[in-house]
Amino acid sequence: MLDVSLIRKQFPIFSTVNDAGKPLVYLDNAATTQKPWVVLESLSNYYRTLNANIHRGIYDLADKSTKAYEQSRGKVAQFLKVEHLEEIIFCRGTTEAINMVAHGWGMDHLNPGDEVLVTAMEHHANFVPWQVACEYSGAKFKVLPLNSDGSLNLESLKEALTPHTRMLAVTHISNTLGCINPIQEIVKIAHNNGTLVMVDGAQSVSFQELNLQDLDCDFFAFSGHKIFGPMGVGVLYGKRELLQEMSPYQQGGSMIYQVGEQKTTYKAPPHRFEAGTPPVADAVALGTALDFVNGIGLASIKDHHIQLRNYAWERLTTTDHVQLLGSPNQSAGIISFNVENIHAHDVATILGEAGIAVRAGHHCTQPLMDHLGISGTVRVSFSIYNDFNEVDQLIDALVTTRKIMA
């Protein structure tokens with residue numbers, strides 16, 4: 001079991017209080033995680049000792065900066081257990097990564113008569129880019145319906161796939177309900193149909209060990225800030241053969257091989273997809289964040305998430321007027337609920353005044369909200385620095401909220 005008190009000491013933000021003097025109970029980790037000292041020091045150290053533009057400079061500082069950047073790429077490759085370094089592309093985050101595929105692969109390979117299938121639980125970032133790619137290409141955009149509790153139905157998936165389905169876009173873990181999709185099985189079903197798979201891994205990357213060679217997905221994306229790294233950096237993984245035939249999302253410096261008056265050619269992946277000056281310091285700090293996670297161990301992290309989720313689910317189940325959504329079975333450390341007759345935003349506001357940070361709204365999953373017949377939820381999401389006492393504080397604050405709004 002994790003020593004939460006020891007872990008919390010590594011995160012400086014927990015020494016802060018809100019305007020009412022309340023200490024921070026941070027339960028919004030599905031939105032972004034807090035940053036440990038080692039990551040903050042990594043950022044500072046880069047700008048103090050390594051700052052230079054990479055790949056093009058031939059002086060010592062630029063060489064050291066380039067090595068630090070590429071070493072981080074290697075750390076990501078090891079973390080995801082991928083075969084080739086050139087399959088790892090640095091970008092701004094999950095949203096940009098998916099747009100890179102929807103634009104670069106989609107614009108090259110989608111034609112009228114083709115289909116793209118997405119699930120109704122997708123974050124807008126794995127929904128709208130495919131909608132737009134279909135609008136431009138003339139392909140058909142299809143949405144896979146869900147079970148009544150918001151979970152994915154594999155039989156429905158098999159029925160929805162047709163010989164024309166070129167791409168399936170699916171989240172690994174729902175950012176709203178926390179349900180864990182059986183990606184390995186989903187990929188096999190899709191591949192048996194000749195369909196590629198784009199996986200949104202934003203929520204799974206900090207929850208469980210990943211082996212993308214075993215999962216066999218064609219594309220996978222995550223954001224650094226979801227796994228204790230900086231905002232503004234993320235990763236796109238793509239199978240080497242797919243990246244080699246994919247057009248770049250942006251054009252500019254670093255990704256150019258040769259520019260002529262009438263024709264420009266591009267470098268091989270990954271550099272083809274990293275136009276301009278990349279977020280070098282953030283990428284280096286992401287590598288530090290992955291070292292931090294490896295030091296704790298993802299197996300221990302996953303176990304901690306599940307213990308907190310189970311305890312919170314049990315306590316919320318016995319709290320009057322709280323309506324839980326989804327199911328605790330096969331789910332991560334994310335719980336969505338509503339309080340009877342109180343708007344989710346009002347709940348979050350009162351909790352915030354008590355120092356408890358939660359998320360309220362549709363969580364960028366409006367199709368899922370439509371499926372569930374609601375406008376939004378209150379969402380709590382856990383991380384390594386949360387403990388059972390904070391769950392108790394949440395429950396007490398919900399009881400107070402009910403009294404205030406009654």
# chains A, B, ... in the order shown; residues from 1 in each chain; ligands from 1

$ residues_around --residues "region 300-314 of chain A" --least-positions-apart "2" --cutoff "8 Å" --atoms "only C-alpha atoms" --output "ChimeraX atom specification"
/A:1-2,207-208,296-298,316-318,328,332-335,382-384,387-388,391

$ select_by_dssp --residues "region 62-146 of chain A" --states "strand (DSSP E or B)" --output "VMD selection string"
chain A and resid 88 to 91 115 to 119 140 to 144

$ residues_around --residues "Val76 (chain A)" --least-positions-apart "6" --cutoff "9 Å" --atoms "only C-alpha atoms" --output "MDAnalysis selection string"
chainID A and resid 82 85 88 235 286:287 290

$ write_last_selection --atoms "N, CA and C atoms" --output "PDB file, in the first residue's frame"
ATOM      1  N   VAL A  82       7.026   0.008 -26.726  1.00  0.00           N
ATOM      2  CA  VAL A  82       6.917  -0.032 -28.176  1.00  0.00           C
ATOM      3  C   VAL A  82       8.262  -0.450 -28.759  1.00  0.00           C
ATOM      4  N   LEU A  85      11.803   3.600 -31.716  1.00  0.00           N
ATOM      5  CA  LEU A  85      11.799   4.977 -31.222  1.00  0.00           C
ATOM      6  C   LEU A  85      11.028   5.912 -32.143  1.00  0.00           C
ATOM      7  N   ILE A  88       7.346   7.134 -31.687  1.00  0.00           N
ATOM      8  CA  ILE A  88       6.964   8.069 -30.623  1.00  0.00           C
ATOM      9  C   ILE A  88       7.119   9.497 -31.136  1.00  0.00           C
ATOM     10  N   VAL A 235       2.005  12.798 -26.357  1.00  0.00           N
ATOM     11  CA  VAL A 235       2.639  11.795 -27.201  1.00  0.00           C
ATOM     12  C   VAL A 235       1.606  11.173 -28.137  1.00  0.00           C
ATOM     13  N   LEU A 286       8.635  15.507 -18.955  1.00  0.00           N
ATOM     14  CA  LEU A 286       7.760  14.336 -19.068  1.00  0.00           C
ATOM     15  C   LEU A 286       8.552  13.061 -18.810  1.00  0.00           C
ATOM     16  N   GLY A 287       9.762  12.996 -19.352  1.00  0.00           N
ATOM     17  CA  GLY A 287      10.618  11.849 -19.065  1.00  0.00           C
ATOM     18  C   GLY A 287      10.876  11.699 -17.578  1.00  0.00           C
ATOM     19  N   LEU A 290       7.832  10.236 -15.914  1.00  0.00           N
ATOM     20  CA  LEU A 290       7.742   8.786 -16.115  1.00  0.00           C
ATOM     21  C   LEU A 290       8.707   8.050 -15.187  1.00  0.00           C
TER      22      LEU A 290
END

$ closest_residue --among "A:Glu87, A:Glu155, A:Asp3, A:Glu115" --to "His271 (chain A)" --atoms "only C-alpha atoms"
A:Glu87

$ residues_around --residues "Asn18 (chain A)" --least-positions-apart "6" --cutoff "12 Å" --atoms "only C-alpha atoms" --output "number ranges by chain"
A: 24-26, 351-357

$ write_last_selection --atoms "C-alpha atoms" --output "PDB file, in the first residue's frame"
ATOM      1  CA  LEU A  24      -6.596  21.562  -0.715  1.00  0.00           C
ATOM      2  CA  VAL A  25      -8.418  18.267  -1.218  1.00  0.00           C
ATOM      3  CA  TYR A  26      -7.691  17.684  -4.900  1.00  0.00           C
ATOM      4  CA  LEU A 351     -17.438  21.723  -2.319  1.00  0.00           C
ATOM      5  CA  GLY A 352     -14.864  24.172  -3.643  1.00  0.00           C
ATOM      6  CA  GLU A 353     -15.583  26.572  -0.796  1.00  0.00           C
ATOM      7  CA  ALA A 354     -14.734  23.690   1.545  1.00  0.00           C
ATOM      8  CA  GLY A 355     -11.409  23.223  -0.258  1.00  0.00           C
ATOM      9  CA  ILE A 356     -12.533  20.149  -2.193  1.00  0.00           C
ATOM     10  CA  ALA A 357     -11.702  20.357  -5.896  1.00  0.00           C
TER      11      ALA A 357
END

$ closest_residue --among "A:Thr349, A:Ser375, A:Asn386, A:Thr165" --to "Phe11 (chain A)" --atoms "only C-alpha atoms"
A:Asn386
